[in-house]
file entry02.pdb (PDB, C-alpha atoms)
MODEL        1
ATOM      1  CA  MET A   1     -48.277  10.136 -67.707
ATOM      2  CA  SER A   2     -50.356   7.630 -69.583
ATOM      3  CA  ASP A   3     -48.363   7.479 -72.766
ATOM      4  CA  ASP A   4     -45.874   4.763 -71.950
ATOM      5  CA  PRO A   5     -46.716   2.579 -74.956
ATOM      6  CA  ALA A   6     -46.154  -0.647 -73.045
ATOM      7  CA  HIS A   7     -48.158   0.269 -69.940
ATOM      8  CA  PRO A   8     -50.799   2.867 -70.760
ATOM      9  CA  GLY A   9     -52.305   4.379 -67.662
ATOM     10  CA  LEU A  10     -49.961   2.710 -65.193
ATOM     11  CA  GLN A  11     -47.392   5.431 -64.704
ATOM     12  CA  HIS A  12     -49.169   7.860 -62.334
ATOM     13  CA  ASP A  13     -47.104   7.088 -59.276
ATOM     14  CA  VAL A  14     -43.795   6.327 -60.957
ATOM     15  CA  ARG A  15     -41.028   8.926 -61.092
ATOM     16  CA  LEU A  16     -39.735   8.697 -64.629
ATOM     17  CA  SER A  17     -36.029   8.581 -65.365
ATOM     18  CA  GLU A  18     -34.580  11.050 -67.853
ATOM     19  CA  ARG A  19     -34.280   8.252 -70.394
ATOM     20  CA  ALA A  20     -37.903   7.244 -69.971
ATOM     21  CA  LYS A  21     -38.997  10.868 -70.407
ATOM     22  CA  ARG A  22     -36.916  11.132 -73.566
ATOM     23  CA  ALA A  23     -38.389   7.874 -74.924
ATOM     24  CA  GLN A  24     -41.909   9.152 -74.264
ATOM     25  CA  ALA A  25     -41.174  12.489 -75.928
ATOM     26  CA  ILE A  26     -39.821  10.719 -79.026
ATOM     27  CA  HIS A  27     -42.832   8.427 -79.052
ATOM     28  CA  ARG A  28     -45.250  11.387 -78.901
ATOM     29  CA  LEU A  29     -43.400  13.069 -81.761
ATOM     30  CA  LEU A  30     -43.430   9.957 -83.955
ATOM     31  CA  VAL A  31     -47.164   9.530 -83.379
ATOM     32  CA  SER A  32     -47.979  13.207 -83.948
ATOM     33  CA  LYS A  33     -46.053  13.155 -87.228
ATOM     34  CA  ASN A  34     -47.882   9.979 -88.288
ATOM     35  CA  ILE A  35     -44.647   8.052 -88.647
ATOM     36  CA  ILE A  36     -46.041   5.333 -86.394
ATOM     37  CA  GLY A  37     -49.535   4.569 -85.144
ATOM     38  CA  PRO A  38     -50.406   5.216 -81.470
ATOM     39  CA  ASP A  39     -50.417   1.489 -80.611
ATOM     40  CA  GLU A  40     -47.667   0.310 -82.907
ATOM     41  CA  VAL A  41     -44.833   0.215 -80.350
ATOM     42  CA  ALA A  42     -46.994  -1.593 -77.798
ATOM     43  CA  GLU A  43     -47.973  -4.142 -80.440
ATOM     44  CA  VAL A  44     -44.367  -4.853 -81.404
ATOM     45  CA  ILE A  45     -43.347  -5.199 -77.751
ATOM     46  CA  GLU A  46     -46.257  -7.562 -77.178
ATOM     47  CA  ARG A  47     -45.343  -9.640 -80.239
ATOM     48  CA  VAL A  48     -41.721 -10.002 -79.152
ATOM     49  CA  ARG A  49     -42.655 -10.769 -75.532
ATOM     50  CA  THR A  50     -45.038 -13.529 -76.486
ATOM     51  CA  ARG A  51     -42.333 -15.381 -78.407
ATOM     52  CA  THR A  52     -40.233 -17.721 -76.310
ATOM     53  CA  PRO A  53     -37.430 -20.215 -76.939
ATOM     54  CA  ALA A  54     -40.146 -22.886 -77.077
ATOM     55  CA  ASP A  55     -40.829 -21.685 -80.637
ATOM     56  CA  GLY A  56     -37.228 -22.270 -81.673
ATOM     57  CA  ALA A  57     -37.228 -25.616 -79.835
ATOM     58  CA  THR A  58     -40.188 -26.777 -81.921
ATOM     59  CA  VAL A  59     -38.292 -25.953 -85.108
ATOM     60  CA  VAL A  60     -35.195 -27.801 -83.850
ATOM     61  CA  ALA A  61     -37.186 -30.893 -82.839
ATOM     62  CA  ARG A  62     -38.784 -31.012 -86.281
ATOM     63  CA  ALA A  63     -35.352 -30.790 -87.907
ATOM     64  CA  TRP A  64     -34.103 -33.684 -85.735
ATOM     65  CA  THR A  65     -36.970 -35.938 -86.766
ATOM     66  CA  ASP A  66     -37.460 -34.924 -90.408
ATOM     67  CA  PRO A  67     -34.241 -34.958 -92.489
ATOM     68  CA  ALA A  68     -35.914 -33.358 -95.519
ATOM     69  CA  PHE A  69     -37.140 -30.487 -93.326
ATOM     70  CA  LYS A  70     -33.658 -30.104 -91.863
ATOM     71  CA  THR A  71     -32.155 -29.761 -95.328
ATOM     72  CA  ARG A  72     -34.714 -27.087 -96.213
ATOM     73  CA  LEU A  73     -34.127 -25.342 -92.887
ATOM     74  CA  VAL A  74     -30.380 -25.047 -93.390
ATOM     75  CA  GLU A  75     -30.727 -24.016 -97.039
ATOM     76  CA  ASP A  76     -33.601 -21.547 -96.661
ATOM     77  CA  ALA A  77     -34.559 -21.083 -93.033
ATOM     78  CA  ARG A  78     -37.172 -18.435 -93.702
ATOM     79  CA  SER A  79     -39.276 -20.612 -96.015
ATOM     80  CA  ALA A  80     -38.900 -23.657 -93.780
ATOM     81  CA  VAL A  81     -40.035 -21.752 -90.682
ATOM     82  CA  LEU A  82     -42.970 -20.151 -92.520
ATOM     83  CA  GLU A  83     -43.954 -23.670 -93.571
ATOM     84  CA  LEU A  84     -44.439 -24.502 -89.868
ATOM     85  CA  GLY A  85     -46.861 -21.600 -89.527
ATOM     86  CA  TYR A  86     -44.622 -19.070 -87.790
ATOM     87  CA  ARG A  87     -45.072 -15.394 -88.551
ATOM     88  CA  LEU A  88     -41.981 -13.480 -89.612
ATOM     89  CA  SER A  89     -41.983  -9.816 -90.512
ATOM     90  CA  HIS A  90     -41.746  -9.316 -94.271
ATOM     91  CA  ASP A  91     -38.120  -8.197 -94.367
ATOM     92  CA  ALA A  92     -36.648 -10.391 -91.610
ATOM     93  CA  GLY A  93     -33.882 -12.661 -92.802
ATOM     94  CA  LEU A  94     -33.279 -15.893 -90.921
ATOM     95  CA  ALA A  95     -30.446 -18.389 -91.220
ATOM     96  CA  VAL A  96     -29.836 -21.653 -89.403
ATOM     97  CA  VAL A  97     -26.343 -23.039 -88.794
ATOM     98  CA  GLU A  98     -25.945 -26.670 -87.810
ATOM     99  CA  ASN A  99     -23.704 -27.904 -85.019
ATOM    100  CA  THR A 100     -22.177 -31.297 -85.741
ATOM    101  CA  ALA A 101     -19.343 -33.517 -84.529
ATOM    102  CA  ARG A 102     -17.097 -31.538 -86.933
ATOM    103  CA  ILE A 103     -18.022 -27.897 -86.324
ATOM    104  CA  HIS A 104     -19.486 -25.853 -83.483
ATOM    105  CA  HIS A 105     -21.247 -22.533 -84.125
ATOM    106  CA  LEU A 106     -21.610 -19.711 -81.626
ATOM    107  CA  VAL A 107     -23.705 -16.619 -82.417
ATOM    108  CA  VAL A 108     -22.892 -13.070 -81.346
ATOM    109  CA  CYS A 109     -23.731  -9.583 -82.589
ATOM    110  CA  THR A 110     -20.588  -7.551 -81.953
ATOM    111  CA  LEU A 111     -22.190  -4.276 -83.078
ATOM    112  CA  CYS A 112     -25.401  -4.430 -81.047
ATOM    113  CA  SER A 113     -27.792  -7.245 -80.169
ATOM    114  CA  CYS A 114     -29.169  -8.779 -83.409
ATOM    115  CA  TYR A 115     -30.984 -11.923 -82.346
ATOM    116  CA  PRO A 116     -33.650 -14.252 -83.806
ATOM    117  CA  THR A 117     -36.440 -12.781 -81.646
ATOM    118  CA  ALA A 118     -39.086 -14.256 -83.958
ATOM    119  CA  LEU A 119     -38.111 -17.727 -82.715
ATOM    120  CA  LEU A 120     -36.490 -17.082 -79.328
ATOM    121  CA  GLY A 121     -38.227 -14.011 -77.911
ATOM    122  CA  PRO A 122     -36.199 -11.126 -76.458
ATOM    123  CA  PRO A 123     -32.449 -11.752 -76.041
ATOM    124  CA  PRO A 124     -31.036 -12.402 -72.562
ATOM    125  CA  ASP A 125     -29.234  -9.439 -70.972
ATOM    126  CA  TRP A 126     -25.841 -11.115 -71.216
ATOM    127  CA  TYR A 127     -26.235 -11.403 -75.004
ATOM    128  CA  LYS A 128     -26.371  -7.590 -75.142
ATOM    129  CA  SER A 129     -23.488  -7.050 -72.704
ATOM    130  CA  PHE A 130     -20.184  -5.572 -73.847
ATOM    131  CA  ALA A 131     -18.392  -8.486 -72.187
ATOM    132  CA  TYR A 132     -20.130 -11.140 -74.290
ATOM    133  CA  ARG A 133     -19.934  -9.117 -77.496
ATOM    134  CA  GLN A 134     -16.221  -8.492 -77.091
ATOM    135  CA  ARG A 135     -15.122 -11.861 -75.779
ATOM    136  CA  ALA A 136     -17.224 -14.237 -77.890
ATOM    137  CA  VAL A 137     -15.237 -13.324 -80.990
ATOM    138  CA  VAL A 138     -11.747 -13.551 -79.550
ATOM    139  CA  GLU A 139     -11.999 -16.342 -76.956
ATOM    140  CA  PRO A 140     -15.132 -18.340 -77.776
ATOM    141  CA  ARG A 141     -14.118 -21.477 -75.872
ATOM    142  CA  ALA A 142     -13.332 -19.509 -72.716
ATOM    143  CA  VAL A 143     -16.789 -17.902 -72.937
ATOM    144  CA  MET A 144     -18.486 -21.257 -73.544
ATOM    145  CA  ARG A 145     -16.681 -22.749 -70.544
ATOM    146  CA  GLU A 146     -18.215 -20.060 -68.335
ATOM    147  CA  PHE A 147     -21.620 -21.234 -69.568
ATOM    148  CA  GLY A 148     -20.635 -24.775 -68.617
ATOM    149  CA  LEU A 149     -19.965 -25.985 -72.137
ATOM    150  CA  VAL A 150     -16.687 -27.780 -72.834
ATOM    151  CA  LEU A 151     -16.417 -28.902 -76.440
ATOM    152  CA  ASP A 152     -14.980 -32.262 -77.377
ATOM    153  CA  GLU A 153     -11.301 -32.059 -78.225
ATOM    154  CA  GLY A 154     -10.584 -31.113 -81.809
ATOM    155  CA  ILE A 155     -13.926 -29.553 -82.814
ATOM    156  CA  PRO A 156     -13.256 -26.233 -84.565
ATOM    157  CA  VAL A 157     -15.416 -23.246 -83.641
ATOM    158  CA  ARG A 158     -17.068 -20.967 -86.130
ATOM    159  CA  VAL A 159     -18.280 -17.767 -84.514
ATOM    160  CA  VAL A 160     -21.129 -16.169 -86.433
ATOM    161  CA  ASP A 161     -21.161 -12.377 -86.110
ATOM    162  CA  SER A 162     -24.656 -11.274 -87.018
ATOM    163  CA  THR A 163     -24.167  -7.678 -88.085
ATOM    164  CA  ALA A 164     -27.158  -7.076 -90.312
ATOM    165  CA  ASP A 165     -30.765  -7.933 -91.045
ATOM    166  CA  LEU A 166     -30.021 -11.630 -91.152
ATOM    167  CA  ARG A 167     -30.569 -13.353 -87.799
ATOM    168  CA  TYR A 168     -28.946 -16.665 -86.895
ATOM    169  CA  LEU A 169     -30.301 -19.656 -85.022
ATOM    170  CA  VAL A 170     -28.070 -22.586 -84.085
ATOM    171  CA  LEU A 171     -29.381 -26.083 -84.758
ATOM    172  CA  PRO A 172     -27.815 -27.987 -81.833
ATOM    173  CA  ARG A 173     -26.769 -31.638 -82.004
ATOM    174  CA  ARG A 174     -29.441 -34.147 -81.106
ATOM    175  CA  PRO A 175     -28.599 -35.703 -77.723
ATOM    176  CA  ILE A 176     -27.676 -39.370 -77.678
ATOM    177  CA  GLY A 177     -30.174 -41.743 -76.138
ATOM    178  CA  THR A 178     -33.182 -40.069 -77.772
ATOM    179  CA  ALA A 179     -34.036 -42.605 -80.476
ATOM    180  CA  GLY A 180     -37.798 -43.002 -80.670
ATOM    181  CA  PHE A 181     -38.516 -39.740 -78.826
ATOM    182  CA  SER A 182     -41.511 -37.761 -80.074
ATOM    183  CA  GLU A 183     -41.086 -34.220 -81.371
ATOM    184  CA  THR A 184     -42.664 -32.908 -78.169
ATOM    185  CA  GLU A 185     -40.261 -34.892 -75.990
ATOM    186  CA  LEU A 186     -37.312 -33.748 -78.064
ATOM    187  CA  ALA A 187     -38.372 -30.085 -77.961
ATOM    188  CA  GLU A 188     -38.220 -30.184 -74.160
ATOM    189  CA  LEU A 189     -34.493 -30.935 -74.386
ATOM    190  CA  VAL A 190     -33.744 -27.879 -76.541
ATOM    191  CA  THR A 191     -32.548 -24.936 -74.442
ATOM    192  CA  ARG A 192     -32.302 -21.302 -75.444
ATOM    193  CA  ASP A 193     -28.550 -21.383 -74.882
ATOM    194  CA  SER A 194     -28.161 -24.378 -77.216
ATOM    195  CA  MET A 195     -29.781 -22.318 -79.993
ATOM    196  CA  ILE A 196     -27.259 -19.498 -79.415
ATOM    197  CA  GLY A 197     -24.363 -21.952 -79.242
ATOM    198  CA  VAL A 198     -23.244 -21.355 -75.634
ATOM    199  CA  GLY A 199     -24.773 -24.655 -74.599
ATOM    200  CA  GLU A 200     -25.869 -28.033 -75.874
ATOM    201  CA  ALA A 201     -29.293 -29.619 -75.835
ATOM    202  CA  ARG A 202     -30.069 -31.363 -72.536
ATOM    203  CA  ALA A 203     -29.421 -35.081 -72.177
ATOM    204  CA  PRO A 204     -32.603 -37.082 -71.565
ATOM    205  CA  ALA A 205     -33.349 -37.802 -67.910
TER     206      ALA A 205
ATOM    207  CA  MET B 206     -19.342 -11.350-106.272
ATOM    208  CA  ARG B 207     -19.424 -15.131-106.264
ATOM    209  CA  ILE B 208     -19.223 -17.777-103.567
ATOM    210  CA  GLY B 209     -15.623 -18.724-102.919
ATOM    211  CA  ASP B 210     -14.201 -15.432-104.226
ATOM    212  CA  VAL B 211     -11.303 -14.083-102.231
ATOM    213  CA  VAL B 212     -12.330 -10.655-100.950
ATOM    214  CA  SER B 213     -10.972  -7.847 -98.783
ATOM    215  CA  VAL B 214     -13.027  -5.576 -96.593
ATOM    216  CA  ARG B 215     -12.586  -1.851 -97.265
ATOM    217  CA  THR B 216     -10.721   0.033 -94.574
ATOM    218  CA  GLU B 217     -12.349   3.455 -94.456
ATOM    219  CA  THR B 218     -14.291   4.740 -91.470
ATOM    220  CA  PRO B 219     -17.084   6.971 -92.755
ATOM    221  CA  ALA B 220     -18.720   9.423 -90.362
ATOM    222  CA  HIS B 221     -22.163   7.946 -90.988
ATOM    223  CA  HIS B 222     -23.667   4.808 -89.461
ATOM    224  CA  HIS B 223     -22.284   1.632 -90.975
ATOM    225  CA  ARG B 224     -22.341  -2.004 -89.999
ATOM    226  CA  THR B 225     -18.823  -3.129 -90.799
ATOM    227  CA  PRO B 226     -16.910  -3.844 -87.559
ATOM    228  CA  TRP B 227     -13.300  -2.686 -87.315
ATOM    229  CA  ILE B 228     -12.126  -6.218 -86.578
ATOM    230  CA  VAL B 229     -12.555  -7.206 -90.234
ATOM    231  CA  LYS B 230     -11.624  -3.942 -91.980
ATOM    232  CA  GLY B 231      -8.670  -4.531 -94.296
ATOM    233  CA  LYS B 232      -8.867  -8.281 -93.744
ATOM    234  CA  THR B 233      -8.974 -10.812 -96.539
ATOM    235  CA  TRP B 234     -10.466 -14.231 -96.942
ATOM    236  CA  ARG B 235     -13.301 -15.824 -98.764
ATOM    237  CA  ASN B 236     -16.886 -15.144 -99.578
ATOM    238  CA  ALA B 237     -18.651 -18.124 -98.011
ATOM    239  CA  SER B 238     -22.120 -17.327 -99.310
ATOM    240  CA  ILE B 239     -24.314 -14.608-100.710
ATOM    241  CA  THR B 240     -27.467 -14.419 -98.712
ATOM    242  CA  ALA B 241     -29.999 -11.902 -99.959
ATOM    243  CA  PRO B 242     -30.500  -8.231-100.774
ATOM    244  CA  PHE B 243     -31.371  -6.008 -97.813
ATOM    245  CA  PHE B 244     -32.134  -2.323 -97.405
ATOM    246  CA  ASN B 245     -28.894  -0.388 -97.009
ATOM    247  CA  PRO B 246     -28.670   0.489 -93.287
ATOM    248  CA  GLU B 247     -26.243   3.334 -94.006
ATOM    249  CA  SER B 248     -29.039   5.148 -95.790
ATOM    250  CA  ARG B 249     -31.874   4.104 -93.499
ATOM    251  CA  ALA B 250     -30.053   5.211 -90.347
ATOM    252  CA  HIS B 251     -30.092   8.775 -91.642
ATOM    253  CA  GLY B 252     -33.665   9.053 -92.876
ATOM    254  CA  GLY B 253     -33.050   7.531 -96.323
ATOM    255  CA  ASP B 254     -35.056   4.828 -98.049
ATOM    256  CA  GLY B 255     -32.287   2.193 -98.001
ATOM    257  CA  LEU B 256     -32.355   1.873-101.767
ATOM    258  CA  PRO B 257     -30.792   0.445-103.803
ATOM    259  CA  LYS B 258     -30.768  -2.693-101.707
ATOM    260  CA  GLN B 259     -27.349  -4.196-101.091
ATOM    261  CA  MET B 260     -26.464  -7.854-101.344
ATOM    262  CA  LEU B 261     -25.365  -9.234 -98.021
ATOM    263  CA  CYS B 262     -22.368 -11.569 -98.214
ATOM    264  CA  SER B 263     -21.301 -13.980 -95.485
ATOM    265  CA  VAL B 264     -17.552 -13.689 -95.431
ATOM    266  CA  GLU B 265     -15.396 -16.188 -93.596
ATOM    267  CA  PHE B 266     -12.111 -15.263 -91.914
ATOM    268  CA  ARG B 267      -9.512 -17.276 -90.046
ATOM    269  CA  GLN B 268      -9.520 -16.102 -86.439
ATOM    270  CA  VAL B 269      -5.713 -16.092 -86.400
ATOM    271  CA  ASP B 270      -5.758 -13.666 -89.345
ATOM    272  CA  LEU B 271      -8.011 -11.289 -87.400
ATOM    273  CA  TRP B 272      -6.290 -11.413 -84.026
ATOM    274  CA  GLY B 273      -2.751 -12.654 -84.642
ATOM    275  CA  ALA B 274      -0.999 -13.910 -81.510
ATOM    276  CA  ARG B 275      -3.903 -12.673 -79.379
ATOM    277  CA  TYR B 276      -5.913 -15.649 -80.624
ATOM    278  CA  ARG B 277      -4.992 -18.551 -78.353
ATOM    279  CA  GLU B 278      -7.619 -21.126 -79.292
ATOM    280  CA  ASP B 279      -7.736 -23.579 -82.243
ATOM    281  CA  ALA B 280      -5.905 -22.342 -85.359
ATOM    282  CA  ARG B 281      -8.699 -23.798 -87.515
ATOM    283  CA  ASP B 282     -11.342 -21.559 -85.895
ATOM    284  CA  ARG B 283     -13.266 -19.170 -88.124
ATOM    285  CA  LEU B 284     -15.350 -16.036 -87.921
ATOM    286  CA  LEU B 285     -18.317 -15.857 -90.266
ATOM    287  CA  ILE B 286     -19.614 -12.323 -90.635
ATOM    288  CA  ASP B 287     -22.222 -10.637 -92.794
ATOM    289  CA  ILE B 288     -20.872  -7.741 -94.826
ATOM    290  CA  TYR B 289     -22.729  -5.656 -97.395
ATOM    291  CA  GLU B 290     -21.317  -6.140-100.870
ATOM    292  CA  HIS B 291     -20.276  -2.507-101.359
ATOM    293  CA  TRP B 292     -17.771  -2.974 -98.515
ATOM    294  CA  LEU B 293     -15.999  -5.832-100.324
ATOM    295  CA  GLU B 294     -13.230  -5.693-102.909
ATOM    296  CA  PRO B 295     -12.382  -8.766-104.993
ATOM    297  CA  GLN B 296      -8.723  -9.782-104.761
TER     298      GLN B 296
ENDMDL
END

call {"tool": "encode", "arguments": {"input": "entry02.pdb", "output": "structure tokens"}}
result
Amino acid sequence: MSDDPAHPGLQHDVRLSERAKRAQAIHRLLVSKNIIGPDEVAEVIERVRTRTPADGATVVARAWTDPAFKTRLVEDARSAVLELGYRLSHDAGLAVVENTARIHHLVVCTLCSCYPTALLGPPPDWYKSFAYRQRAVVEPRAVMREFGLVLDEGIPVRVVDSTADLRYLVLPRRPIGTAGFSETELAELVTRDSMIGVGEARAPA
Amino acid sequence: MRIGDVVSVRTETPAHHHRTPWIVKGKTWRNASITAPFFNPESRAHGGDGLPKQMLCSVEFRQVDLWGARYREDARDRLLIDIYEHWLEPQ
């Protein structure tokens, strides 16, 4: 049992579930038919796992400190992010929506779990849950409240349902009291949840 | 299809994989932006090459138009959703 692509050689003493057996059988077939290379799945898993929300936070902090970059980021996120040296797969679309005092964005994928993994890493389990996917579209404020976010009175909510190859990142509002902060200091205030829209960036200590 | 066009989402439910959620089928509002061409997932999901690519449009709906009285939050709230152009009909 050494053909688990993520953990070669580590499965000797593990009883495999039916699903795991099926995944391994499909993997063997795809490799034997030369549809994918023997290490391709492991490489993709590794690439996704090594990305973390810190990558997205760096992009957000740059946008907060460089207005020209922010404009480029909102207009053409893919080019702006490539400019910072991030790797994106050739066909991955990326869009950035900006939260302001006049509009709040919340991202969901009602059909599955589309997520900007290139900048945030793998999605949290709740993002993939039926509960989040169903409720975020019909009662966004109630969902945000459960995450501890209560919007200021009168700010309309725009839920972004990411149903295709275009992945959405929220550009949260810059916290007050951060004038003069460096990009590194600012990036530490940017949480994963604030880039999904279920939270805000942290206030400075 | 141009930005600002009023569009409706087609209502059919084909047997094959498609990425148009039922919540917007038959609903009408405006094309907020046209993003980029992408491989057609309806073809790719069934072993096809995804060609010709389809333009992806970001269509904006009023939440109250989607949910009616079930929507109890702000009447100005919106849903922005990406729909492939071949699912849209100009009004």

call {"tool": "closest_atom_pairs", "arguments": {"input": "entry02.pdb", "of": "chain A", "to": "chain B", "cutoff": "7 Å", "atoms": "all atoms listed in the file", "output": "Markdown table"}}
result
| residue | atom | partner | partner_atom | distance |
| --- | --- | --- | --- | --- |
| A:Leu111 | CA | B:Pro226 | CA | 6.9 |
| A:Val138 | CA | B:Tyr276 | CA | 6.3 |
| A:Glu139 | CA | B:Glu278 | CA | 6.9 |
| A:Pro156 | CA | B:Asp282 | CA | 5.2 |
| A:Val157 | CA | B:Asp282 | CA | 5.0 |
| A:Arg158 | CA | B:Arg283 | CA | 4.7 |
| A:Val159 | CA | B:Leu284 | CA | 4.8 |
| A:Val160 | CA | B:Leu285 | CA | 4.8 |
| A:Asp161 | CA | B:Ile286 | CA | 4.8 |
| A:Ser162 | CA | B:Ile286 | CA | 6.3 |
| A:Thr163 | CA | B:Asp287 | CA | 5.9 |
| A:Ala164 | CA | B:Asp287 | CA | 6.6 |

call {"tool": "atom_distance", "arguments": {"input": "entry02.pdb", "atom1": "CA of Arg78 (chain A)", "atom2": "CA of Leu94 (chain A)"}}
result
5.4 Å

call {"tool": "atom_distance", "arguments": {"input": "entry02.pdb", "atom1": "CA of Thr191 (chain A)", "atom2": "CA of Val107 (chain A)"}}
result
14.5 Å

call {"tool": "closest_residue", "arguments": {"input": "entry02.pdb", "among": "A:Leu149, A:Ala63, A:Leu166, A:Ala92", "to": "Leu186 (chain A)", "atoms": "only C-alpha atoms"}}
result
A:Ala63

call {"tool": "closest_residue", "arguments": {"input": "entry02.pdb", "among": "A:Ala203, A:Val60, A:Ile196, A:Leu119", "to": "Phe147 (chain A)", "atoms": "only C-alpha atoms"}}
result
A:Ile196

call {"tool": "closest_residue", "arguments": {"input": "entry02.pdb", "among": "B:Asp270, B:Gly253, B:Ile208, B:Trp292", "to": "Lys232 (chain B)", "atoms": "only C-alpha atoms"}}
result
B:Asp270

call {"tool": "atom_distance", "arguments": {"input": "entry02.pdb", "atom1": "CA of Val212 (chain B)", "atom2": "CA of Glu290 (chain B)"}}
result
10.1 Å

call {"tool": "build_atoms", "arguments": {"input": "entry02.pdb", "residues": "region 94-112 of chain A", "atoms": "N, CA and C atoms", "output": "CSV table (one decimal), in the frame of the given file"}}
result
chain,number,residue,atom,x,y,z
A,94,LEU,N,-33.6,-14.9,-91.9
A,94,LEU,CA,-33.3,-15.9,-90.9
A,94,LEU,C,-32.4,-16.9,-91.5
A,95,ALA,N,-31.3,-17.3,-90.8
A,95,ALA,CA,-30.4,-18.4,-91.2
A,95,ALA,C,-30.2,-19.4,-90.1
A,96,VAL,N,-30.1,-20.6,-90.4
A,96,VAL,CA,-29.8,-21.7,-89.4
A,96,VAL,C,-28.5,-22.3,-89.7
A,97,VAL,N,-27.6,-22.4,-88.7
A,97,VAL,CA,-26.3,-23.0,-88.8
A,97,VAL,C,-26.4,-24.3,-87.9
A,98,GLU,N,-25.8,-25.4,-88.5
A,98,GLU,CA,-25.9,-26.7,-87.8
A,98,GLU,C,-24.7,-27.0,-87.0
A,99,ASN,N,-24.8,-27.4,-85.8
A,99,ASN,CA,-23.7,-27.9,-85.0
A,99,ASN,C,-23.6,-29.4,-85.2
A,100,THR,N,-22.4,-29.9,-85.5
A,100,THR,CA,-22.2,-31.3,-85.7
A,100,THR,C,-21.0,-31.8,-84.9
A,101,ALA,N,-20.6,-33.0,-85.2
A,101,ALA,CA,-19.3,-33.5,-84.5
A,101,ALA,C,-18.1,-32.9,-85.1
A,102,ARG,N,-18.3,-32.1,-86.3
A,102,ARG,CA,-17.1,-31.5,-86.9
A,102,ARG,C,-17.0,-30.0,-86.8
A,103,ILE,N,-18.1,-29.4,-86.4
A,103,ILE,CA,-18.0,-27.9,-86.3
A,103,ILE,C,-19.0,-27.4,-85.3
A,104,HIS,N,-18.6,-26.4,-84.5
A,104,HIS,CA,-19.5,-25.9,-83.5
A,104,HIS,C,-19.7,-24.4,-83.8
A,105,HIS,N,-20.9,-23.9,-83.9
A,105,HIS,CA,-21.2,-22.5,-84.1
A,105,HIS,C,-21.7,-21.8,-82.8
A,106,LEU,N,-21.3,-20.6,-82.7
A,106,LEU,CA,-21.6,-19.7,-81.6
A,106,LEU,C,-22.0,-18.4,-82.2
A,107,VAL,N,-23.2,-17.8,-81.8
A,107,VAL,CA,-23.7,-16.6,-82.4
A,107,VAL,C,-23.5,-15.4,-81.5
A,108,VAL,N,-23.1,-14.3,-82.1
A,108,VAL,CA,-22.9,-13.1,-81.3
A,108,VAL,C,-23.3,-11.9,-82.3
A,109,CYS,N,-23.6,-10.8,-81.8
A,109,CYS,CA,-23.7,-9.6,-82.6
A,109,CYS,C,-22.8,-8.6,-82.0
A,110,THR,N,-21.6,-8.4,-82.6
A,110,THR,CA,-20.6,-7.6,-82.0
A,110,THR,C,-21.0,-6.1,-82.0
A,111,LEU,N,-21.8,-5.7,-83.0
A,111,LEU,CA,-22.2,-4.3,-83.1
A,111,LEU,C,-23.4,-3.9,-82.2
A,112,CYS,N,-24.3,-4.8,-81.9
A,112,CYS,CA,-25.4,-4.4,-81.0
A,112,CYS,C,-26.0,-5.7,-80.4
